[in-house]
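Worksheet for the structure shown next.
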Amino acid sequence: MTALIQPGRLLDATSAHPLFLAIKRSLTFVLPLVMLGSIALLLRNFPSPNAQLRIDALLGPIGLQLCDILINSSFGVASLAQLCALSGVSAMYVNQNNQDLHISPIMSILVVLSCFFIILAPSDTAFPRQYFSMDGGLLLAMAVALVASGLFLKLSQCRSIMLPLDLVGYDPVVRDGFAVMPAAMLTVLIFVAIKGCLLFLGFGDLQVSLARLIVWPFTGTGNDLLVALLYSGMSQILWFFGLHGPNLLHSVEASVLIQNGMANAAAFANGTVPEYIVTKTFIDTFTRIGGSGGTLSLILAIVFSSRDRGIRKLCLFAVIPSLFNVNEPLLFGVPLVLNPVYAVPFLLVPILQTITAYFATMAEIVPKTVALVTWTSPPLLSGYLATKSMAGVMLQCVNIGLGFFVYLYFVRISDAIRKKSSIRIMQSLYQTAASVQSHHLRKCLDNPGEVGRLSKALAGDLEKCLTSRSQLYMVYQPQLDCLGERVAGVEALLRWRHPIYGEISPLVTVALAEEAGLIDKLGCFVLAEACEQRAAWSRFVAPELRLSVNVSPKQFLNPRFGEEVLATIRSHELNPRQIELEITETSMLEPDVQILESLTQLQTQGIRVAIDDFGMGHASLRYLRAFPVNTVKLDRSLTDACENRVNEQIARSMLDLCRSLNIAAVVEGVENEEQVDRFLSFGFHVFQGYHFSRPLPGEACLAYIRERSTPA
């Protein structure tokens with residue numbers, strides 16, 4: 001068991017590292033370019049010659065030219081796009097943790113671009129276009145972006161090299177730009193020095209040197225299987241680092257694989273026995289099923305096993321391109337590039353598939369590949385076309401299944417890592433929502449980090465829920481009067497069951513609704529649902545049973561709040577005395593004439609007003625003094641720690657205050673008999689908490705009420 005757990009822990013720690021988070025986030029930004037390029041590439045390389053002729057005729061000369069332009073404008077500048085995205089994201093991460101100085105992401109991008117051009121500049125010619133493409137320059141672009149942005153951001157925080165300029169009153173962007181100017185200049189000069197060292201060592205054109213280094217392992221290799229394994233392994237390693245492996249290994253492909261395939265095709269045409277097992281068609285057909293890495297197997301593993309609905313939807317979206325062996329949407333969407341979670345299977349699956357296909361062919365279970373099949377030919381069809389036999393189709397099925405079972409374990413690890421990360425971010429969001437902050441700031445939605453991104457996503461989901469009336473529901477917790485041995489009231493509680501994140505805390509839900517301007521909609525939903533439930537109970541419970549509904553203080557800022565509450569109650573044919581509005585302290589509520597009028601209007605109509613968490617909050621006593629109040633609910637922190645003499649005295653004083661003002665008191669958060677006995681001895685008699693009942697669905701709560709109600 002330990003052996004299975006340790007890799008997951010290692011991958012969890014690695015994938016959560018800020019470096020990998022920045023890389024994965026920047027790859028996501030480049031994804032739209034890659035998607036458009038993939039579509040254009042498929043249109044220009046369709047697997048069926050007849051279909052290709054029809055597509056060409058449909059597009060016409062201008063359409064074909066536009067496809068080529070789109071390919072060059074997406075794949076052709078992917079290195080530059082990735083470099084800009086990565087340097088910008090790195091600056092944003094630093095700004096999240098540095099409140100003293102804001103480092104402009106734009107300045108970081110410009111500095112890194114300059115360093116990139118310095119490192120790649122040939123000594124005697126202009127820049128070749130492939131330096132900026134995904135095929136040739138992505139690895140160096142990412143390497144330069146990481147090193148240059150890291151150096152610049154570190155130097156930017158070094159106060160000893162900041163310009164000593166007094167720019168008080170200037171535009172903050174201008175001020176911060178001047179402050180980090182020495183860091184920017186020093187970063188560029190360091191890369192100039194690095195370029196000088198490379199020129200001195202004879203590496204004037206780094207791209208040419210890298211290409212020679214990649215091809216070097218194949219020099220003098222004569223063994224067919226060794227060539228296949230080296231080619232598959234090197235191609236996957238290059239892809240993992242963001243480089244187009246097949247393109248960088250084109251010289252090996254042209255001099256070995258394509259030549260072997262042409263020899264086999266000629267032999268088949270002449271009626272002789274084909275000689276070679278490993279050909280380009282062999283690699284494309286049996287080890288790149290769905291694209292490099294056998295990613296069709298990964299798609300099946302995710303759809304079959306993953307609990308992450310977002311990833312499953314992405315895979316369903318990527319399945320059509322993968323059927324034509326175009327897997328860039330998956331490489332950059334999951335992503336697989338520089339993703340430590342999938343590093344092992346991404347490398348291992350093609351190697352295992354190569355070995356399986358090689359020995360199946362050598363044992364003559366499957367014929368040798370004898371046709372030059374277009375690389376975009378769909379799986380199963382390509383297996384038949386390549387071997388002129390159904391055995392080729394069966395071998396593809398075996399290899400897809402082999403890849404599926406290898407990827408399956410890592411899909412589950414990835415799910416576990418994402419779940420752990422989601423829990424951590426959700427806990428941070430809860431702490432942010434619970435924090436006290438000025439009502440002029442949006443503490444959740446304006447948060448610059450992961451909490452802010454999650455908040456924006458959840459706020460969007462909440463708006464959809466309020467429109468579709470899905471995922472949100474109500475539960476009800478009884479309040480017991482121990483003297484009368486009956487249920488004196490019920491509190492209606494909001495719940496949100498999110499399809500991905502599970503149960504969302506009501507505190508978070510309300511905070512997001514307040515900040516996103518959805519609190520009035522949410523409040524209407526809660527009141528309408530609660531009134532509908534109270535109306536359904538009317539024939540079975542005592543008329544005086546009151547239902548408490550939580551209200552955010554910000555709802556009182558709506559001038560029509562009182563009218564809307566009364567209209568909702570009347571539309572359900574309820575007596576206003578059966579409803580109690582419970583003010584929660586999710587935000588500051590300043591005493592205001594409008595608010596006082598709304599509360600007075602509601603109370604005049606018979607609606608009761610309660611204060612939640614009374615006694616320890618910042619506003620409890622102010623509310624009691626400024627507004628008409630019928631009920632207070634004792635803060636649960638006093639319930640939990642009332643054995644403390646100070647807390648005990650506070651509780652007794654609150655009860656005396658309530659009695660003198662003719663205000664009802666409810667003790668909430670009661671979880672054991674000892675707490676009940678203690679507060680009964682103080683003089684309290686109405687309780688709410690898990691000791692009596694958890695929040696229940698409507699029908700279960702009605703059963704509880706009827707079971708504990710004395711006959712009329």
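In the structure tokens, chains take the letters A, B, ... in the order shown, each chain's residues start at 1, and ligands count up from 1 in the order shown.
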Exercise for the section: Would you list the contacts of A:Glu564 as a list in words, taking every protein, DNA or RNA residue within 12 Å and counting only C-alpha atoms, but skipping same-chain residues closer than 2 positions in sequence? Expected result: Asp520, Lys521, Gly523, Cys524, Phe525, Leu527, Ala528, Gln555, Phe556, Asn558, Pro559, Arg560, Phe561, Gly562, Leu566, Ala567, Thr568, Ile569, Arg570, Ser571, Ser598, Gln601 and Leu602 of chain A
Using only C-alpha atoms, what table do you get, as JSON lines, when you list each residue of stretch 280-310 of chain A with an atom no more than 10 Å from stretch 261-266 of chain A, its nearest pair of atoms, and their distance in Å rounded to one decimal, rows by chain then rising number?
{"residue": "A:Lys280", "atom": "CA", "partner": "A:Gly261", "partner_atom": "CA", "distance": 6.4}
{"residue": "A:Thr281", "atom": "CA", "partner": "A:Gly261", "partner_atom": "CA", "distance": 6.9}
{"residue": "A:Phe282", "atom": "CA", "partner": "A:Gly261", "partner_atom": "CA", "distance": 8.4}
Practice task
Compare A:Asn647, A:Met654, A:Thr369, A:Leu696 by their minimum atom-to-atom distance to A:Thr631, counting only C-alpha atoms, and give me the closest one.
Solution key: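 Checking each candidate against A:Thr631, we get A:Met654 as the closest.
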Do you have, as JSON lines, the list of residues of stretch 509-551 of chain A lying at most 8 Å from stretch 481-491 of chain A, each with its nearest atom pair and that distance in Å to one decimal, counting only C-alpha atoms and ordered by chain then number?
{"residue": "A:Leu545", "atom": "CA", "partner": "A:Gly489", "partner_atom": "CA", "distance": 5.4}
{"residue": "A:Arg546", "atom": "CA", "partner": "A:Gly489", "partner_atom": "CA", "distance": 4.9}
{"residue": "A:Leu547", "atom": "CA", "partner": "A:Val490", "partner_atom": "CA", "distance": 5.0}
{"residue": "A:Ser548", "atom": "CA", "partner": "A:Glu491", "partner_atom": "CA", "distance": 4.5}
{"residue": "A:Val549", "atom": "CA", "partner": "A:Glu491", "partner_atom": "CA", "distance": 6.3}
Atoms kept (N, CA and C atoms) for selection, written as a JSON list (two decimals), in the first residue's frame:
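File written: result_16.json
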[["chain", "number", "residue", "atom", "x", "y", "z"],
["A", 545, "LEU", "N", -46.68, 28.13, 15.03],
["A", 545, "LEU", "CA", -45.32, 27.69, 14.71],
["A", 545, "LEU", "C", -44.69, 28.69, 13.73],
["A", 546, "ARG", "N", -43.60, 29.29, 14.14],
["A", 546, "ARG", "CA", -42.97, 30.31, 13.29],
["A", 546, "ARG", "C", -41.78, 29.70, 12.53],
["A", 547, "LEU", "N", -41.56, 30.23, 11.36],
["A", 547, "LEU", "CA", -40.46, 29.80, 10.51],
["A", 547, "LEU", "C", -39.47, 30.95, 10.36],
["A", 548, "SER", "N", -38.22, 30.72, 10.78],
["A", 548, "SER", "CA", -37.19, 31.76, 10.70],
["A", 548, "SER", "C", -36.48, 31.67, 9.36],
["A", 549, "VAL", "N", -36.32, 32.81, 8.71],
["A", 549, "VAL", "CA", -35.63, 32.89, 7.42],
["A", 549, "VAL", "C", -34.47, 33.86, 7.54]]
Practice task
Can you pull out every residue within 9 Å of A:Val366, counting only C-alpha atoms, but drop anything in the same chain fewer than 2 positions away, and send it as a PyMOL selection string?
Solution key: chain A and resi 357+360-364+368-369+387+389-392+394-395
Practice task
Give the answer as one residue: which of A:Ser305, A:Asn95, A:Thr272, A:Asn45 has the shortest atom-to-atom distance to A:Asn447, using only C-alpha atoms?
Solution key: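 Distance minimum relative to A:Asn447 lands on A:Asn95.
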Determine, for each residue of stretch 342-398 of chain A having at least one atom at most 9 Å from an atom of stretch 408-427 of chain A, the closest pair of atoms and their separation in Å to one decimal, counting only C-alpha atoms; order by chain and ascending number, as a tab-separated table.
residue	atom	partner	partner_atom	distance
A:Tyr342	CA	A:Phe410	CA	6.6
A:Val344	CA	A:Phe410	CA	8.7
A:Pro345	CA	A:Phe410	CA	7.5
Restrict the selected residues to N, CA and C atoms and save them as a PDB file, in the first residue's frame.
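Printed below is out23.pdb as written:
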ATOM      1  N   TYR A 342       1.217  13.114 -15.264  1.00  0.00           N
ATOM      2  CA  TYR A 342       1.109  12.218 -16.419  1.00  0.00           C
ATOM      3  C   TYR A 342       2.450  11.955 -17.100  1.00  0.00           C
ATOM      4  N   VAL A 344       4.957   9.852 -16.386  1.00  0.00           N
ATOM      5  CA  VAL A 344       5.304   8.434 -16.516  1.00  0.00           C
ATOM      6  C   VAL A 344       4.465   7.739 -17.593  1.00  0.00           C
ATOM      7  N   PRO A 345       3.118   7.817 -17.537  1.00  0.00           N
ATOM      8  CA  PRO A 345       2.345   7.117 -18.579  1.00  0.00           C
ATOM      9  C   PRO A 345       2.528   7.724 -19.966  1.00  0.00           C
TER      10      PRO A 345
END
Practice task
Measuring atom to atom with only C-alpha atoms, identify which of A:Thr600, A:Ser255, A:Ser681, A:Gln477 is nearest to A:Gly698.
Solution key: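 Checking each candidate against A:Gly698, we get A:Gln477 as the closest.
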Practice task
Tell me which protein, DNA and RNA residues are within 10 Å of A:Ala148, counting only C-alpha atoms, leaving out same-chain ones fewer than 2 positions away, and put them as a list in words.
Solution key: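 That gives Ser87, Ser108, Ile109, Val111, Val112, Leu113, Ser114, Cys115, Phe116, Met142, Ala143, Val144, Ala145, Leu146, Gly150, Leu151, Phe152, Leu153, Lys154, Ala184, Thr187, Val188, Ile190 and Phe191 of chain A.
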If you run DSSP on this backbone, which residues of stretch 412-634 of chain A come out as alpha helix (DSSP H), and could you give them as a CSV table (one decimal) with C-alpha atoms, in the first residue's frame?
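Printed below is result.csv as written:
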chain,number,residue,atom,x,y,z
A,412,ARG,CA,-7.2,8.5,-10.3
A,413,ILE,CA,-4.0,10.1,-8.8
A,414,SER,CA,-4.8,13.2,-10.8
A,415,ASP,CA,-8.3,13.2,-9.5
A,416,ALA,CA,-7.1,12.9,-5.9
A,417,ILE,CA,-4.6,15.7,-6.4
A,418,ARG,CA,-7.3,18.0,-7.9
A,419,LYS,CA,-9.7,17.1,-5.1
A,420,LYS,CA,-7.1,17.9,-2.4
A,421,SER,CA,-6.3,21.2,-4.1
A,422,SER,CA,-10.0,22.0,-4.4
A,423,ILE,CA,-10.5,21.3,-0.7
A,424,ARG,CA,-7.5,23.5,0.2
A,425,ILE,CA,-8.7,26.4,-2.0
A,426,MET,CA,-12.3,26.0,-0.7
A,427,GLN,CA,-11.1,26.2,2.9
A,428,SER,CA,-9.2,29.4,2.0
A,429,LEU,CA,-12.3,30.8,0.4
A,430,TYR,CA,-14.3,30.0,3.6
A,431,GLN,CA,-11.8,31.8,5.7
A,432,THR,CA,-11.8,34.8,3.4
A,433,ALA,CA,-15.6,34.9,3.4
A,434,ALA,CA,-15.7,34.6,7.2
A,450,GLU,CA,-6.7,31.0,-6.4
A,451,VAL,CA,-9.5,32.2,-4.0
A,452,GLY,CA,-10.4,35.0,-6.4
A,453,ARG,CA,-10.5,32.6,-9.4
A,454,LEU,CA,-12.7,30.1,-7.6
A,455,SER,CA,-14.9,32.9,-6.3
A,456,LYS,CA,-15.6,34.2,-9.8
A,457,ALA,CA,-16.3,30.7,-11.1
A,458,LEU,CA,-18.7,29.9,-8.2
A,459,ALA,CA,-20.4,33.3,-8.5
A,460,GLY,CA,-21.1,32.5,-12.2
A,461,ASP,CA,-22.4,29.1,-11.2
A,462,LEU,CA,-24.6,30.6,-8.5
A,463,GLU,CA,-26.2,33.0,-11.0
A,464,LYS,CA,-27.0,30.1,-13.3
A,465,CYS,CA,-28.5,28.2,-10.3
A,466,LEU,CA,-30.8,31.1,-9.4
A,467,THR,CA,-32.0,31.2,-13.0
A,468,SER,CA,-32.5,27.5,-13.4
A,506,PRO,CA,-23.8,28.9,3.2
A,507,LEU,CA,-21.4,31.5,4.5
A,508,VAL,CA,-19.5,31.3,1.2
A,509,THR,CA,-22.8,31.3,-0.8
A,510,VAL,CA,-24.1,34.4,0.9
A,511,ALA,CA,-20.7,36.3,0.7
A,512,LEU,CA,-20.5,35.5,-3.1
A,513,ALA,CA,-24.1,36.6,-3.6
A,514,GLU,CA,-23.5,39.9,-1.8
A,515,GLU,CA,-20.4,40.7,-3.7
A,519,ILE,CA,-28.2,38.8,-2.8
A,520,ASP,CA,-31.7,40.1,-3.7
A,521,LYS,CA,-32.3,37.2,-6.1
A,522,LEU,CA,-31.0,34.7,-3.5
A,523,GLY,CA,-33.0,36.3,-0.7
A,524,CYS,CA,-36.2,36.0,-2.8
A,525,PHE,CA,-35.4,32.4,-3.6
A,526,VAL,CA,-34.9,31.5,0.1
A,527,LEU,CA,-38.0,33.3,1.3
A,528,ALA,CA,-40.2,31.8,-1.4
A,529,GLU,CA,-38.9,28.3,-0.8
A,530,ALA,CA,-39.4,28.7,3.0
A,531,CYS,CA,-42.9,30.1,2.6
A,532,GLU,CA,-43.9,27.4,0.3
A,533,GLN,CA,-42.8,24.8,2.8
A,534,ARG,CA,-44.5,26.5,5.7
A,535,ALA,CA,-47.7,26.7,3.6
A,536,ALA,CA,-47.5,22.9,3.0
A,537,TRP,CA,-47.2,22.3,6.7
A,561,PHE,CA,-37.5,44.9,0.4
A,562,GLY,CA,-40.4,45.2,2.8
A,563,GLU,CA,-43.0,45.2,0.0
A,564,GLU,CA,-41.5,42.1,-1.6
A,565,VAL,CA,-41.4,40.2,1.7
A,566,LEU,CA,-45.0,40.9,2.4
A,567,ALA,CA,-46.0,40.1,-1.2
A,568,THR,CA,-44.2,36.7,-1.0
A,569,ILE,CA,-45.9,35.8,2.4
A,570,ARG,CA,-49.3,36.8,1.1
A,571,SER,CA,-48.9,34.9,-2.1
A,593,VAL,CA,-33.8,55.6,8.3
A,594,GLN,CA,-34.7,53.5,5.3
A,595,ILE,CA,-33.8,50.3,7.1
A,596,LEU,CA,-35.6,51.3,10.3
A,597,GLU,CA,-38.7,52.1,8.2
A,598,SER,CA,-38.6,48.7,6.5
A,599,LEU,CA,-38.2,46.8,9.8
A,600,THR,CA,-40.9,48.9,11.5
A,601,GLN,CA,-43.3,48.3,8.5
A,602,LEU,CA,-42.6,44.5,8.6
A,603,GLN,CA,-43.0,44.4,12.4
A,604,THR,CA,-46.3,46.4,12.2
A,620,SER,CA,-25.3,42.8,18.1
A,621,LEU,CA,-25.9,45.5,20.8
A,622,ARG,CA,-26.1,48.3,18.1
A,623,TYR,CA,-28.8,46.3,16.3
A,624,LEU,CA,-30.7,45.8,19.6
A,625,ARG,CA,-30.5,49.6,20.3
A,626,ALA,CA,-31.3,50.8,16.8
Practice task
Quick one: everything within 12 Å of A:Val278, counting only C-alpha atoms, minus sequence neighbours fewer than 2 positions away in the same chain. Send it as an MDAnalysis selection string.
Solution key: chainID A and resid 222:232 253 256:264 274:276 280:287 354:355 357:359 361:362 367:370
If you keep C-alpha atoms, can you produce a file of those selected residues as an mmCIF file, in the first residue's frame?
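The new file result.cif reads:
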data_model
loop_
_atom_site.group_PDB
_atom_site.id
_atom_site.type_symbol
_atom_site.label_atom_id
_atom_site.label_comp_id
_atom_site.auth_asym_id
_atom_site.auth_seq_id
_atom_site.Cartn_x
_atom_site.Cartn_y
_atom_site.Cartn_z
ATOM 1 C CA GLY A 222 21.212 -0.444 -36.778
ATOM 2 C CA ASN A 223 18.812 -2.478 -34.649
ATOM 3 C CA ASP A 224 15.220 -2.105 -35.833
ATOM 4 C CA LEU A 225 13.633 -2.367 -32.370
ATOM 5 C CA LEU A 226 16.196 -0.053 -30.787
ATOM 6 C CA VAL A 227 15.472 2.610 -33.417
ATOM 7 C CA ALA A 228 11.734 2.305 -32.722
ATOM 8 C CA LEU A 229 12.178 2.563 -28.949
ATOM 9 C CA LEU A 230 14.622 5.463 -29.216
ATOM 10 C CA TYR A 231 12.361 7.286 -31.635
ATOM 11 C CA SER A 232 9.193 6.750 -29.550
ATOM 12 C CA GLU A 253 11.963 9.932 -39.807
ATOM 13 C CA VAL A 256 15.032 5.604 -41.650
ATOM 14 C CA LEU A 257 11.276 5.316 -41.121
ATOM 15 C CA ILE A 258 10.002 6.687 -44.418
ATOM 16 C CA GLN A 259 12.671 4.805 -46.394
ATOM 17 C CA ASN A 260 11.684 1.539 -44.670
ATOM 18 C CA GLY A 261 8.038 2.186 -45.458
ATOM 19 C CA MET A 262 8.721 2.877 -49.127
ATOM 20 C CA ALA A 263 10.761 -0.336 -49.379
ATOM 21 C CA ASN A 264 7.896 -2.348 -47.839
ATOM 22 C CA PRO A 274 8.341 -6.854 -47.018
ATOM 23 C CA GLU A 275 11.600 -6.593 -45.069
ATOM 24 C CA TYR A 276 11.109 -3.964 -42.353
ATOM 25 C CA LYS A 280 6.658 5.635 -40.253
ATOM 26 C CA THR A 281 3.264 4.029 -40.814
ATOM 27 C CA PHE A 282 4.081 1.465 -38.094
ATOM 28 C CA ILE A 283 4.764 4.272 -35.577
ATOM 29 C CA ASP A 284 1.769 6.393 -36.626
ATOM 30 C CA THR A 285 -0.611 3.425 -36.641
ATOM 31 C CA PHE A 286 0.363 1.487 -33.509
ATOM 32 C CA THR A 287 2.096 3.930 -31.119
ATOM 33 C CA THR A 354 5.875 -0.170 -29.676
ATOM 34 C CA ILE A 355 7.172 -3.353 -28.019
ATOM 35 C CA ALA A 357 3.365 -4.135 -31.973
ATOM 36 C CA TYR A 358 6.969 -5.083 -32.812
ATOM 37 C CA PHE A 359 6.807 -8.586 -31.359
ATOM 38 C CA THR A 361 4.646 -8.313 -36.190
ATOM 39 C CA MET A 362 7.847 -10.318 -35.727
ATOM 40 C CA PRO A 367 1.478 -8.402 -41.204
ATOM 41 C CA LYS A 368 4.177 -5.799 -41.740
ATOM 42 C CA THR A 369 3.007 -2.330 -42.731
ATOM 43 C CA VAL A 370 2.940 -2.163 -46.529
#
Practice task
Counting only C-alpha atoms, figure out which residue out of A:Leu110, A:Trp375, A:Gly294, A:Asp308 gets nearest to A:Leu42.
Solution key: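 Closest to A:Leu42, using only C-alpha atoms: A:Trp375.
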Exercise for the section: Tell me, as a count of residues only, which residues lie within 9 Å of stretch 669-672 of chain A, counting only C-alpha atoms; anything in the same chain fewer than 4 positions away does not count. Expected result: 13
